[in-house]
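Novice: This one is protein_37.pdb, PDB, N, CA and C atoms.
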ATOM      1  N   MET A 544       8.496   5.280   2.193
ATOM      2  CA  MET A 544       7.499   4.232   2.241
ATOM      3  C   MET A 544       6.315   4.647   1.379
ATOM      4  N   TYR A 545       5.488   3.636   1.086
ATOM      5  CA  TYR A 545       4.327   3.871   0.238
ATOM      6  C   TYR A 545       3.084   3.305   0.923
ATOM      7  N   ARG A 546       2.018   4.078   0.868
ATOM      8  CA  ARG A 546       0.726   3.661   1.413
ATOM      9  C   ARG A 546      -0.160   3.280   0.233
ATOM     10  N   ILE A 547      -0.858   2.162   0.373
ATOM     11  CA  ILE A 547      -1.766   1.709  -0.674
ATOM     12  C   ILE A 547      -3.179   1.806  -0.111
ATOM     13  N   THR A 548      -3.988   2.627  -0.771
ATOM     14  CA  THR A 548      -5.326   2.932  -0.280
ATOM     15  C   THR A 548      -6.371   2.519  -1.305
ATOM     16  N   ASN A 549      -7.382   1.795  -0.860
ATOM     17  CA  ASN A 549      -8.497   1.367  -1.702
ATOM     18  C   ASN A 549      -9.412   2.569  -1.926
ATOM     19  N   ILE A 550      -9.566   2.985  -3.183
ATOM     20  CA  ILE A 550     -10.400   4.167  -3.433
ATOM     21  C   ILE A 550     -11.883   3.823  -3.437
ATOM     22  N   ASN A 551     -12.231   2.534  -3.470
ATOM     23  CA  ASN A 551     -13.638   2.141  -3.450
ATOM     24  C   ASN A 551     -14.258   2.349  -2.066
ATOM     25  N   ASN A 552     -13.448   2.124  -1.011
ATOM     26  CA  ASN A 552     -13.996   2.264   0.341
ATOM     27  C   ASN A 552     -13.117   3.104   1.275
ATOM     28  N   GLY A 553     -11.987   3.606   0.763
ATOM     29  CA  GLY A 553     -11.102   4.456   1.559
ATOM     30  C   GLY A 553     -10.203   3.719   2.522
ATOM     31  N   ALA A 554     -10.238   2.381   2.503
ATOM     32  CA  ALA A 554      -9.441   1.599   3.449
ATOM     33  C   ALA A 554      -7.954   1.674   3.120
ATOM     34  N   ASN A 555      -7.155   1.830   4.159
ATOM     35  CA  ASN A 555      -5.703   1.767   4.016
ATOM     36  C   ASN A 555      -5.339   0.292   4.013
ATOM     37  N   LEU A 556      -4.860  -0.225   2.868
ATOM     38  CA  LEU A 556      -4.571  -1.650   2.740
ATOM     39  C   LEU A 556      -3.218  -2.030   3.301
ATOM     40  N   GLY A 557      -2.318  -1.069   3.380
ATOM     41  CA  GLY A 557      -1.008  -1.369   3.926
ATOM     42  C   GLY A 557       0.033  -0.353   3.529
ATOM     43  N   ALA A 558       1.207  -0.537   4.125
ATOM     44  CA  ALA A 558       2.346   0.324   3.826
ATOM     45  C   ALA A 558       3.519  -0.584   3.478
ATOM     46  N   VAL A 559       4.248  -0.218   2.440
ATOM     47  CA  VAL A 559       5.373  -1.028   1.975
ATOM     48  C   VAL A 559       6.569  -0.134   1.678
ATOM     49  N   ASP A 560       7.755  -0.735   1.767
ATOM     50  CA  ASP A 560       8.966  -0.015   1.396
ATOM     51  C   ASP A 560       9.113   0.056  -0.118
ATOM     52  N   LYS A 561       8.657  -0.999  -0.792
ATOM     53  CA  LYS A 561       8.777  -1.073  -2.242
ATOM     54  C   LYS A 561       7.460  -1.581  -2.817
ATOM     55  N   VAL A 562       6.927  -0.868  -3.778
ATOM     56  CA  VAL A 562       5.658  -1.242  -4.406
ATOM     57  C   VAL A 562       5.930  -2.285  -5.490
ATOM     58  N   THR A 563       5.105  -3.332  -5.536
ATOM     59  CA  THR A 563       5.190  -4.328  -6.593
ATOM     60  C   THR A 563       4.182  -3.956  -7.672
ATOM     61  N   TYR A 564       4.681  -3.296  -8.718
ATOM     62  CA  TYR A 564       3.826  -2.906  -9.838
ATOM     63  C   TYR A 564       3.683  -4.095 -10.777
ATOM     64  N   ILE A 565       2.481  -4.281 -11.328
ATOM     65  CA  ILE A 565       2.214  -5.436 -12.173
ATOM     66  C   ILE A 565       1.465  -5.058 -13.449
ATOM     67  N   THR A 566       1.518  -5.983 -14.394
ATOM     68  CA  THR A 566       0.706  -5.922 -15.597
ATOM     69  C   THR A 566       0.274  -7.340 -15.908
ATOM     70  N   ILE A 567      -0.560  -7.506 -16.906
ATOM     71  CA  ILE A 567      -0.952  -8.843 -17.340
ATOM     72  C   ILE A 567      -0.024  -9.229 -18.478
ATOM     73  N   GLY A 568       0.764 -10.290 -18.265
ATOM     74  CA  GLY A 568       1.734 -10.736 -19.250
ATOM     75  C   GLY A 568       1.087 -11.449 -20.421
ATOM     76  N   GLU A 569       1.902 -11.812 -21.394
ATOM     77  CA  GLU A 569       1.413 -12.500 -22.594
ATOM     78  C   GLU A 569       0.715 -13.815 -22.254
ATOM     79  N   SER A 570       1.152 -14.482 -21.194
ATOM     80  CA  SER A 570       0.559 -15.763 -20.797
ATOM     81  C   SER A 570      -0.773 -15.577 -20.066
ATOM     82  N   GLY A 571      -1.103 -14.329 -19.723
ATOM     83  CA  GLY A 571      -2.320 -14.049 -18.971
ATOM     84  C   GLY A 571      -2.086 -13.960 -17.472
ATOM     85  N   ALA A 572      -0.856 -14.266 -17.039
ATOM     86  CA  ALA A 572      -0.509 -14.175 -15.621
ATOM     87  C   ALA A 572       0.022 -12.783 -15.312
ATOM     88  N   PHE A 573      -0.032 -12.428 -14.055
ATOM     89  CA  PHE A 573       0.518 -11.138 -13.639
ATOM     90  C   PHE A 573       2.037 -11.189 -13.703
ATOM     91  N   ALA A 574       2.621 -10.093 -14.131
ATOM     92  CA  ALA A 574       4.071 -10.000 -14.231
ATOM     93  C   ALA A 574       4.531  -8.677 -13.639
ATOM     94  N   PRO A 575       5.639  -8.685 -12.904
ATOM     95  CA  PRO A 575       6.161  -7.423 -12.358
ATOM     96  C   PRO A 575       6.731  -6.551 -13.474
ATOM     97  N   VAL A 576       6.504  -5.250 -13.354
ATOM     98  CA  VAL A 576       6.975  -4.283 -14.354
ATOM     99  C   VAL A 576       7.367  -2.986 -13.655
ATOM    100  N   PRO A 577       8.121  -2.124 -14.360
ATOM    101  CA  PRO A 577       8.390  -0.793 -13.803
ATOM    102  C   PRO A 577       7.083  -0.004 -13.655
ATOM    103  N   GLU A 578       7.102   0.985 -12.793
ATOM    104  CA  GLU A 578       5.901   1.775 -12.501
ATOM    105  C   GLU A 578       5.242   2.339 -13.755
ATOM    106  N   ASP A 579       6.039   2.828 -14.696
ATOM    107  CA  ASP A 579       5.452   3.470 -15.887
ATOM    108  C   ASP A 579       4.787   2.491 -16.853
ATOM    109  N   GLU A 580       4.933   1.180 -16.635
ATOM    110  CA  GLU A 580       4.290   0.169 -17.475
ATOM    111  C   GLU A 580       3.151  -0.540 -16.746
ATOM    112  N   ALA A 581       2.904  -0.173 -15.499
ATOM    113  CA  ALA A 581       1.961  -0.895 -14.636
ATOM    114  C   ALA A 581       0.511  -0.526 -14.891
ATOM    115  N   ILE A 582      -0.336  -1.542 -14.712
ATOM    116  CA  ILE A 582      -1.788  -1.322 -14.701
ATOM    117  C   ILE A 582      -2.340  -1.565 -13.302
ATOM    118  N   GLY A 583      -1.494  -2.147 -12.434
ATOM    119  CA  GLY A 583      -1.936  -2.457 -11.086
ATOM    120  C   GLY A 583      -0.763  -2.674 -10.155
ATOM    121  N   VAL A 584      -1.115  -3.060  -8.938
ATOM    122  CA  VAL A 584      -0.111  -3.406  -7.932
ATOM    123  C   VAL A 584      -0.536  -4.705  -7.264
ATOM    124  N   ALA A 585       0.452  -5.393  -6.689
ATOM    125  CA  ALA A 585       0.168  -6.593  -5.900
ATOM    126  C   ALA A 585       0.558  -6.300  -4.460
ATOM    127  N   LEU A 586      -0.308  -6.683  -3.544
ATOM    128  CA  LEU A 586      -0.050  -6.492  -2.121
ATOM    129  C   LEU A 586      -0.520  -7.742  -1.391
ATOM    130  N   ASN A 587       0.393  -8.402  -0.698
ATOM    131  CA  ASN A 587       0.069  -9.633   0.035
ATOM    132  C   ASN A 587      -0.606 -10.672  -0.858
ATOM    133  N   GLY A 588      -0.130 -10.773  -2.102
ATOM    134  CA  GLY A 588      -0.638 -11.775  -3.026
ATOM    135  C   GLY A 588      -1.949 -11.421  -3.707
ATOM    136  N   VAL A 589      -2.436 -10.212  -3.480
ATOM    137  CA  VAL A 589      -3.701  -9.770  -4.079
ATOM    138  C   VAL A 589      -3.406  -8.686  -5.111
ATOM    139  N   ALA A 590      -4.019  -8.824  -6.290
ATOM    140  CA  ALA A 590      -3.835  -7.839  -7.360
ATOM    141  C   ALA A 590      -4.904  -6.760  -7.270
ATOM    142  N   TYR A 591      -4.489  -5.516  -7.493
ATOM    143  CA  TYR A 591      -5.382  -4.360  -7.478
ATOM    144  C   TYR A 591      -5.133  -3.525  -8.723
ATOM    145  N   ASN A 592      -6.190  -2.933  -9.261
ATOM    146  CA  ASN A 592      -6.050  -1.965 -10.348
ATOM    147  C   ASN A 592      -5.492  -0.665  -9.801
ATOM    148  N   LEU A 593      -4.610  -0.047 -10.557
ATOM    149  CA  LEU A 593      -4.212   1.318 -10.243
ATOM    150  C   LEU A 593      -5.312   2.254 -10.718
ATOM    151  N   MET A 594      -5.471   3.382 -10.048
ATOM    152  CA  MET A 594      -6.464   4.352 -10.455
ATOM    153  C   MET A 594      -6.247   4.703 -11.921
ATOM    154  N   GLY A 595      -7.317   4.654 -12.714
ATOM    155  CA  GLY A 595      -7.238   4.941 -14.139
ATOM    156  C   GLY A 595      -7.195   3.688 -15.001
ATOM    157  N   TYR A 596      -7.104   2.522 -14.369
ATOM    158  CA  TYR A 596      -7.060   1.243 -15.093
ATOM    159  C   TYR A 596      -8.154   0.324 -14.584
ATOM    160  N   GLU A 597      -8.653  -0.549 -15.471
ATOM    161  CA  GLU A 597      -9.689  -1.514 -15.086
ATOM    162  C   GLU A 597      -9.417  -2.887 -15.697
ATOM    163  N   GLU A 598      -8.177  -3.151 -16.106
ATOM    164  CA  GLU A 598      -7.851  -4.387 -16.803
ATOM    165  C   GLU A 598      -7.868  -5.622 -15.912
ATOM    166  N   ILE A 599      -7.687  -5.459 -14.616
ATOM    167  CA  ILE A 599      -7.680  -6.601 -13.703
ATOM    168  C   ILE A 599      -9.128  -6.828 -13.265
ATOM    169  N   GLU A 600      -9.749  -7.791 -13.904
ATOM    170  CA  GLU A 600     -11.176  -8.042 -13.711
ATOM    171  C   GLU A 600     -11.502  -8.410 -12.267
ATOM    172  N   GLY A 601     -12.498  -7.739 -11.713
ATOM    173  CA  GLY A 601     -12.961  -8.013 -10.358
ATOM    174  C   GLY A 601     -12.104  -7.430  -9.255
ATOM    175  N   ALA A 602     -11.029  -6.735  -9.611
ATOM    176  CA  ALA A 602     -10.129  -6.178  -8.595
ATOM    177  C   ALA A 602     -10.560  -4.776  -8.182
ATOM    178  N   ASP A 603     -10.359  -4.462  -6.918
ATOM    179  CA  ASP A 603     -10.592  -3.110  -6.447
ATOM    180  C   ASP A 603      -9.521  -2.181  -7.020
ATOM    181  N   THR A 604      -9.788  -0.901  -6.948
ATOM    182  CA  THR A 604      -8.861   0.110  -7.453
ATOM    183  C   THR A 604      -8.176   0.795  -6.284
ATOM    184  N   VAL A 605      -6.876   1.040  -6.445
ATOM    185  CA  VAL A 605      -6.095   1.655  -5.372
ATOM    186  C   VAL A 605      -5.312   2.847  -5.885
ATOM    187  N   VAL A 606      -4.874   3.642  -4.945
ATOM    188  CA  VAL A 606      -3.941   4.726  -5.210
ATOM    189  C   VAL A 606      -2.717   4.489  -4.324
ATOM    190  N   VAL A 607      -1.547   4.738  -4.885
ATOM    191  CA  VAL A 607      -0.288   4.569  -4.164
ATOM    192  C   VAL A 607       0.245   5.953  -3.846
ATOM    193  N   SER A 608       0.533   6.199  -2.576
ATOM    194  CA  SER A 608       1.071   7.502  -2.184
ATOM    195  C   SER A 608       2.307   7.307  -1.319
ATOM    196  N   GLU A 609       3.305   8.133  -1.571
ATOM    197  CA  GLU A 609       4.545   8.063  -0.814
ATOM    198  C   GLU A 609       4.390   8.876   0.468
ATOM    199  N   PHE A 610       4.981   8.373   1.558
ATOM    200  CA  PHE A 610       4.959   9.111   2.813
ATOM    201  C   PHE A 610       6.248   8.854   3.580
ATOM    202  N   ASP A 611       6.492   9.670   4.586
ATOM    203  CA  ASP A 611       7.699   9.569   5.396
ATOM    204  C   ASP A 611       7.490   8.507   6.471
ATOM    205  N   GLY A 612       8.158   7.368   6.310
ATOM    206  CA  GLY A 612       8.026   6.280   7.260
ATOM    207  C   GLY A 612       8.523   6.631   8.646
ATOM    208  N   GLY A 613       9.468   7.545   8.746
ATOM    209  CA  GLY A 613       9.982   7.961  10.045
ATOM    210  C   GLY A 613       8.911   8.574  10.916
ATOM    211  N   VAL A 614       8.015   9.322  10.325
ATOM    212  CA  VAL A 614       6.914   9.935  11.069
ATOM    213  C   VAL A 614       6.007   8.847  11.633
ATOM    214  N   LEU A 615       5.736   7.822  10.834
ATOM    215  CA  LEU A 615       4.890   6.711  11.284
ATOM    216  C   LEU A 615       5.541   5.982  12.459
ATOM    217  N   VAL A 616       6.816   5.686  12.345
ATOM    218  CA  VAL A 616       7.538   4.991  13.413
ATOM    219  C   VAL A 616       7.551   5.838  14.690
ATOM    220  N   ALA A 617       7.796   7.124  14.567
ATOM    221  CA  ALA A 617       7.824   8.010  15.728
ATOM    222  C   ALA A 617       6.460   8.042  16.422
ATOM    223  N   GLU A 618       5.389   8.078  15.663
ATOM    224  CA  GLU A 618       4.039   8.102  16.242
ATOM    225  C   GLU A 618       3.746   6.786  16.962
ATOM    226  N   GLN A 619       4.127   5.670  16.353
ATOM    227  CA  GLN A 619       3.913   4.379  17.006
ATOM    228  C   GLN A 619       4.722   4.284  18.297
ATOM    229  N   GLN A 620       5.939   4.790  18.302
ATOM    230  CA  GLN A 620       6.768   4.771  19.507
ATOM    231  C   GLN A 620       6.146   5.637  20.599
ATOM    232  N   ARG A 621       5.581   6.775  20.219
ATOM    233  CA  ARG A 621       4.926   7.650  21.187
ATOM    234  C   ARG A 621       3.747   6.923  21.839
ATOM    235  N   ILE A 622       2.983   6.192  21.045
ATOM    236  CA  ILE A 622       1.831   5.448  21.571
ATOM    237  C   ILE A 622       2.299   4.349  22.519
ATOM    238  N   ILE A 623       3.322   3.616  22.127
ATOM    239  CA  ILE A 623       3.861   2.548  22.979
ATOM    240  C   ILE A 623       4.381   3.121  24.293
ATOM    241  N   ASP A 624       5.132   4.212  24.221
ATOM    242  CA  ASP A 624       5.655   4.846  25.433
ATOM    243  C   ASP A 624       4.525   5.267  26.362
ATOM    244  N   SER A 625       3.482   5.840  25.793
ATOM    245  CA  SER A 625       2.344   6.293  26.585
ATOM    246  C   SER A 625       1.648   5.108  27.269
ATOM    247  N   LEU A 626       1.495   4.004  26.557
ATOM    248  CA  LEU A 626       0.867   2.809  27.138
ATOM    249  C   LEU A 626       1.731   2.235  28.261
ATOM    250  N   LEU A 627       3.032   2.207  28.057
ATOM    251  CA  LEU A 627       3.942   1.690  29.095
ATOM    252  C   LEU A 627       3.883   2.553  30.359
ATOM    253  N   ILE A 628       3.891   3.860  30.184
ATOM    254  CA  ILE A 628       3.832   4.775  31.318
ATOM    255  C   ILE A 628       2.511   4.585  32.060
ATOM    256  N   SER A 629       1.408   4.461  31.323
ATOM    257  CA  SER A 629       0.097   4.261  31.953
ATOM    258  C   SER A 629       0.069   2.942  32.737
ATOM    259  N   ALA A 630       0.660   1.894  32.154
ATOM    260  CA  ALA A 630       0.670   0.592  32.823
ATOM    261  C   ALA A 630       1.513   0.630  34.097
ATOM    262  N   LEU A 631       2.630   1.333  34.054
ATOM    263  CA  LEU A 631       3.505   1.419  35.229
ATOM    264  C   LEU A 631       2.907   2.277  36.331
ATOM    265  N   GLU A 632       2.116   3.269  35.963
ATOM    266  CA  GLU A 632       1.495   4.147  36.953
ATOM    267  C   GLU A 632       0.269   3.500  37.585
ATOM    268  N   GLY A 633      -0.335   2.572  36.885
ATOM    269  CA  GLY A 633      -1.588   1.972  37.345
ATOM    270  C   GLY A 633      -1.372   0.850  38.223
TER
END
Translate the structure of the given file into structure tokens.

Specialist:
Amino acid sequence: MYRITNINNGANLGAVDKVTYITIGESGAFAPVPEDEAIGVALNGVAYNLMGYEEIEGADTVVVSEFDGGVLVAEQQRIIDSLLISALEG
């Protein structure tokens, strides 16, 4: 999985299985491209500059980092289990 983090404010914008890398096409619209051709990423319909690029006017800058999704799922399950146990004991 990949985490997309806004470097302007440190906010975690989301986690995705597949990153949508984009560039500005000849028509001026965003177009999907391989990672090595990208100037930005799109997340939930919003375009962001990749760190080191500023071509997407008015867009925040993000960094994409890979992480182990299994660890995230295990932590969420631990939290859910703990809440269920607390609710049943109370």

Novice: Which residue is closest to Ala602 (chain A)? Choose from A:Val589, A:Glu632, A:Tyr545, A:Thr563 and count all atoms listed in the file.

Specialist: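 Of A:Val589, A:Glu632, A:Tyr545, A:Thr563, the one nearest Ala602 (chain A) is A:Val589, counting all atoms listed in the file.
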
Novice: Within 9 Å of region 575-579 of chain A, counting only C-alpha atoms, which residues qualify if same-chain residues fewer than 6 places away don't, as a ChimeraX atom specification?

Specialist: /A:562-568,585

Novice: Would you compute the distance between CA of Val607 (chain A) and atom C of Gly553 (chain A)? Give it in Å to one decimal.

Specialist: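 Value for the CA of Val607 (chain A)-atom C of Gly553 (chain A) distance: 12.0 Å.
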
Novice: Report as number ranges by chain: the residues of region 549-632 of chain A with a DSSP assignment of strand (DSSP E), based on the backbone of this structure.

Specialist: A: 549, 555-559, 563-567, 573-575, 583-586, 589-593, 604-609

Novice: Could you please take those selected residues and save N, CA and C atoms as a PDB file, in the frame of the given file?

Specialist:
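Result file follows (out_34.pdb):
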ATOM      1  N   ASN A 549      -7.382   1.795  -0.860  1.00  0.00           N
ATOM      2  CA  ASN A 549      -8.497   1.367  -1.702  1.00  0.00           C
ATOM      3  C   ASN A 549      -9.412   2.569  -1.926  1.00  0.00           C
ATOM      4  N   ASN A 555      -7.155   1.830   4.159  1.00  0.00           N
ATOM      5  CA  ASN A 555      -5.703   1.767   4.016  1.00  0.00           C
ATOM      6  C   ASN A 555      -5.339   0.292   4.013  1.00  0.00           C
ATOM      7  N   LEU A 556      -4.860  -0.225   2.868  1.00  0.00           N
ATOM      8  CA  LEU A 556      -4.571  -1.650   2.740  1.00  0.00           C
ATOM      9  C   LEU A 556      -3.218  -2.030   3.301  1.00  0.00           C
ATOM     10  N   GLY A 557      -2.318  -1.069   3.380  1.00  0.00           N
ATOM     11  CA  GLY A 557      -1.008  -1.369   3.926  1.00  0.00           C
ATOM     12  C   GLY A 557       0.033  -0.353   3.529  1.00  0.00           C
ATOM     13  N   ALA A 558       1.207  -0.537   4.125  1.00  0.00           N
ATOM     14  CA  ALA A 558       2.346   0.324   3.826  1.00  0.00           C
ATOM     15  C   ALA A 558       3.519  -0.584   3.478  1.00  0.00           C
ATOM     16  N   VAL A 559       4.248  -0.218   2.440  1.00  0.00           N
ATOM     17  CA  VAL A 559       5.373  -1.028   1.975  1.00  0.00           C
ATOM     18  C   VAL A 559       6.569  -0.134   1.678  1.00  0.00           C
ATOM     19  N   THR A 563       5.105  -3.332  -5.536  1.00  0.00           N
ATOM     20  CA  THR A 563       5.190  -4.328  -6.593  1.00  0.00           C
ATOM     21  C   THR A 563       4.182  -3.956  -7.672  1.00  0.00           C
ATOM     22  N   TYR A 564       4.681  -3.296  -8.718  1.00  0.00           N
ATOM     23  CA  TYR A 564       3.826  -2.906  -9.838  1.00  0.00           C
ATOM     24  C   TYR A 564       3.683  -4.095 -10.777  1.00  0.00           C
ATOM     25  N   ILE A 565       2.481  -4.281 -11.328  1.00  0.00           N
ATOM     26  CA  ILE A 565       2.214  -5.436 -12.173  1.00  0.00           C
ATOM     27  C   ILE A 565       1.465  -5.058 -13.449  1.00  0.00           C
ATOM     28  N   THR A 566       1.518  -5.983 -14.394  1.00  0.00           N
ATOM     29  CA  THR A 566       0.706  -5.922 -15.597  1.00  0.00           C
ATOM     30  C   THR A 566       0.274  -7.340 -15.908  1.00  0.00           C
ATOM     31  N   ILE A 567      -0.560  -7.506 -16.906  1.00  0.00           N
ATOM     32  CA  ILE A 567      -0.952  -8.843 -17.340  1.00  0.00           C
ATOM     33  C   ILE A 567      -0.024  -9.229 -18.478  1.00  0.00           C
ATOM     34  N   PHE A 573      -0.032 -12.428 -14.055  1.00  0.00           N
ATOM     35  CA  PHE A 573       0.518 -11.138 -13.639  1.00  0.00           C
ATOM     36  C   PHE A 573       2.037 -11.189 -13.703  1.00  0.00           C
ATOM     37  N   ALA A 574       2.621 -10.093 -14.131  1.00  0.00           N
ATOM     38  CA  ALA A 574       4.071 -10.000 -14.231  1.00  0.00           C
ATOM     39  C   ALA A 574       4.531  -8.677 -13.639  1.00  0.00           C
ATOM     40  N   PRO A 575       5.639  -8.685 -12.904  1.00  0.00           N
ATOM     41  CA  PRO A 575       6.161  -7.423 -12.358  1.00  0.00           C
ATOM     42  C   PRO A 575       6.731  -6.551 -13.474  1.00  0.00           C
ATOM     43  N   GLY A 583      -1.494  -2.147 -12.434  1.00  0.00           N
ATOM     44  CA  GLY A 583      -1.936  -2.457 -11.086  1.00  0.00           C
ATOM     45  C   GLY A 583      -0.763  -2.674 -10.155  1.00  0.00           C
ATOM     46  N   VAL A 584      -1.115  -3.060  -8.938  1.00  0.00           N
ATOM     47  CA  VAL A 584      -0.111  -3.406  -7.932  1.00  0.00           C
ATOM     48  C   VAL A 584      -0.536  -4.705  -7.264  1.00  0.00           C
ATOM     49  N   ALA A 585       0.452  -5.393  -6.689  1.00  0.00           N
ATOM     50  CA  ALA A 585       0.168  -6.593  -5.900  1.00  0.00           C
ATOM     51  C   ALA A 585       0.558  -6.300  -4.460  1.00  0.00           C
ATOM     52  N   LEU A 586      -0.308  -6.683  -3.544  1.00  0.00           N
ATOM     53  CA  LEU A 586      -0.050  -6.492  -2.121  1.00  0.00           C
ATOM     54  C   LEU A 586      -0.520  -7.742  -1.391  1.00  0.00           C
ATOM     55  N   VAL A 589      -2.436 -10.212  -3.480  1.00  0.00           N
ATOM     56  CA  VAL A 589      -3.701  -9.770  -4.079  1.00  0.00           C
ATOM     57  C   VAL A 589      -3.406  -8.686  -5.111  1.00  0.00           C
ATOM     58  N   ALA A 590      -4.019  -8.824  -6.290  1.00  0.00           N
ATOM     59  CA  ALA A 590      -3.835  -7.839  -7.360  1.00  0.00           C
ATOM     60  C   ALA A 590      -4.904  -6.760  -7.270  1.00  0.00           C
ATOM     61  N   TYR A 591      -4.489  -5.516  -7.493  1.00  0.00           N
ATOM     62  CA  TYR A 591      -5.382  -4.360  -7.478  1.00  0.00           C
ATOM     63  C   TYR A 591      -5.133  -3.525  -8.723  1.00  0.00           C
ATOM     64  N   ASN A 592      -6.190  -2.933  -9.261  1.00  0.00           N
ATOM     65  CA  ASN A 592      -6.050  -1.965 -10.348  1.00  0.00           C
ATOM     66  C   ASN A 592      -5.492  -0.665  -9.801  1.00  0.00           C
ATOM     67  N   LEU A 593      -4.610  -0.047 -10.557  1.00  0.00           N
ATOM     68  CA  LEU A 593      -4.212   1.318 -10.243  1.00  0.00           C
ATOM     69  C   LEU A 593      -5.312   2.254 -10.718  1.00  0.00           C
ATOM     70  N   THR A 604      -9.788  -0.901  -6.948  1.00  0.00           N
ATOM     71  CA  THR A 604      -8.861   0.110  -7.453  1.00  0.00           C
ATOM     72  C   THR A 604      -8.176   0.795  -6.284  1.00  0.00           C
ATOM     73  N   VAL A 605      -6.876   1.040  -6.445  1.00  0.00           N
ATOM     74  CA  VAL A 605      -6.095   1.655  -5.372  1.00  0.00           C
ATOM     75  C   VAL A 605      -5.312   2.847  -5.885  1.00  0.00           C
ATOM     76  N   VAL A 606      -4.874   3.642  -4.945  1.00  0.00           N
ATOM     77  CA  VAL A 606      -3.941   4.726  -5.210  1.00  0.00           C
ATOM     78  C   VAL A 606      -2.717   4.489  -4.324  1.00  0.00           C
ATOM     79  N   VAL A 607      -1.547   4.738  -4.885  1.00  0.00           N
ATOM     80  CA  VAL A 607      -0.288   4.569  -4.164  1.00  0.00           C
ATOM     81  C   VAL A 607       0.245   5.953  -3.846  1.00  0.00           C
ATOM     82  N   SER A 608       0.533   6.199  -2.576  1.00  0.00           N
ATOM     83  CA  SER A 608       1.071   7.502  -2.184  1.00  0.00           C
ATOM     84  C   SER A 608       2.307   7.307  -1.319  1.00  0.00           C
ATOM     85  N   GLU A 609       3.305   8.133  -1.571  1.00  0.00           N
ATOM     86  CA  GLU A 609       4.545   8.063  -0.814  1.00  0.00           C
ATOM     87  C   GLU A 609       4.390   8.876   0.468  1.00  0.00           C
TER      88      GLU A 609
END

Novice: Please identify the helix (DSSP H, G or I) residues within chain A (assignment by DSSP from backbone atoms) and present them as a list in words.

Specialist: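 Answer for chain A, restricted to helix (DSSP H, G or I): Glu578, Asp579, Glu580, Gly612, Gly613, Val614, Leu615, Val616, Ala617, Glu618, Gln619, Gln620, Arg621, Ile622, Ile623, Asp624, Ser625, Leu626, Leu627, Ile628, Ser629, Ala630, Leu631 and Glu632 of chain A.
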
Novice: On this structure, the PyMOL selection byres ((chain A and resi 603) around 8) would catch which residues? List them as an NGL selection string, sorted by chain and number.

Specialist: :A and (549-551 or 590-594 or 599-602 or 604-606)

Novice: Between A:Asn587, A:Gly612, A:Glu618, A:Glu598, which residue has the minimum interatomic distance to Gly571 (chain A), considering only C-alpha atoms?

Specialist: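 Checking each of A:Asn587, A:Gly612, A:Glu618, A:Glu598 against Gly571 (chain A), counting only C-alpha atoms, the winner is A:Glu598.
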
Novice: Take atom C of Ile622 (chain A) and atom C of Thr548 (chain A) and report the distance between them in Å, one decimal.

Specialist: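 Spanning atom C of Ile622 (chain A) to atom C of Thr548 (chain A) is a straight-line distance of 25.4 Å.
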
Novice: To one decimal place, how far is atom N of Asp560 (chain A) from atom N of Met544 (chain A) in Å?

Specialist: 6.1 Å

Novice: Using all atoms listed in the file, which of A:Ala574, A:Ser625, A:Gln619, A:Gly557 sits nearest Leu586 (chain A)?

Specialist: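 Using all atoms listed in the file, Leu586 (chain A) sits closest to A:Gly557.
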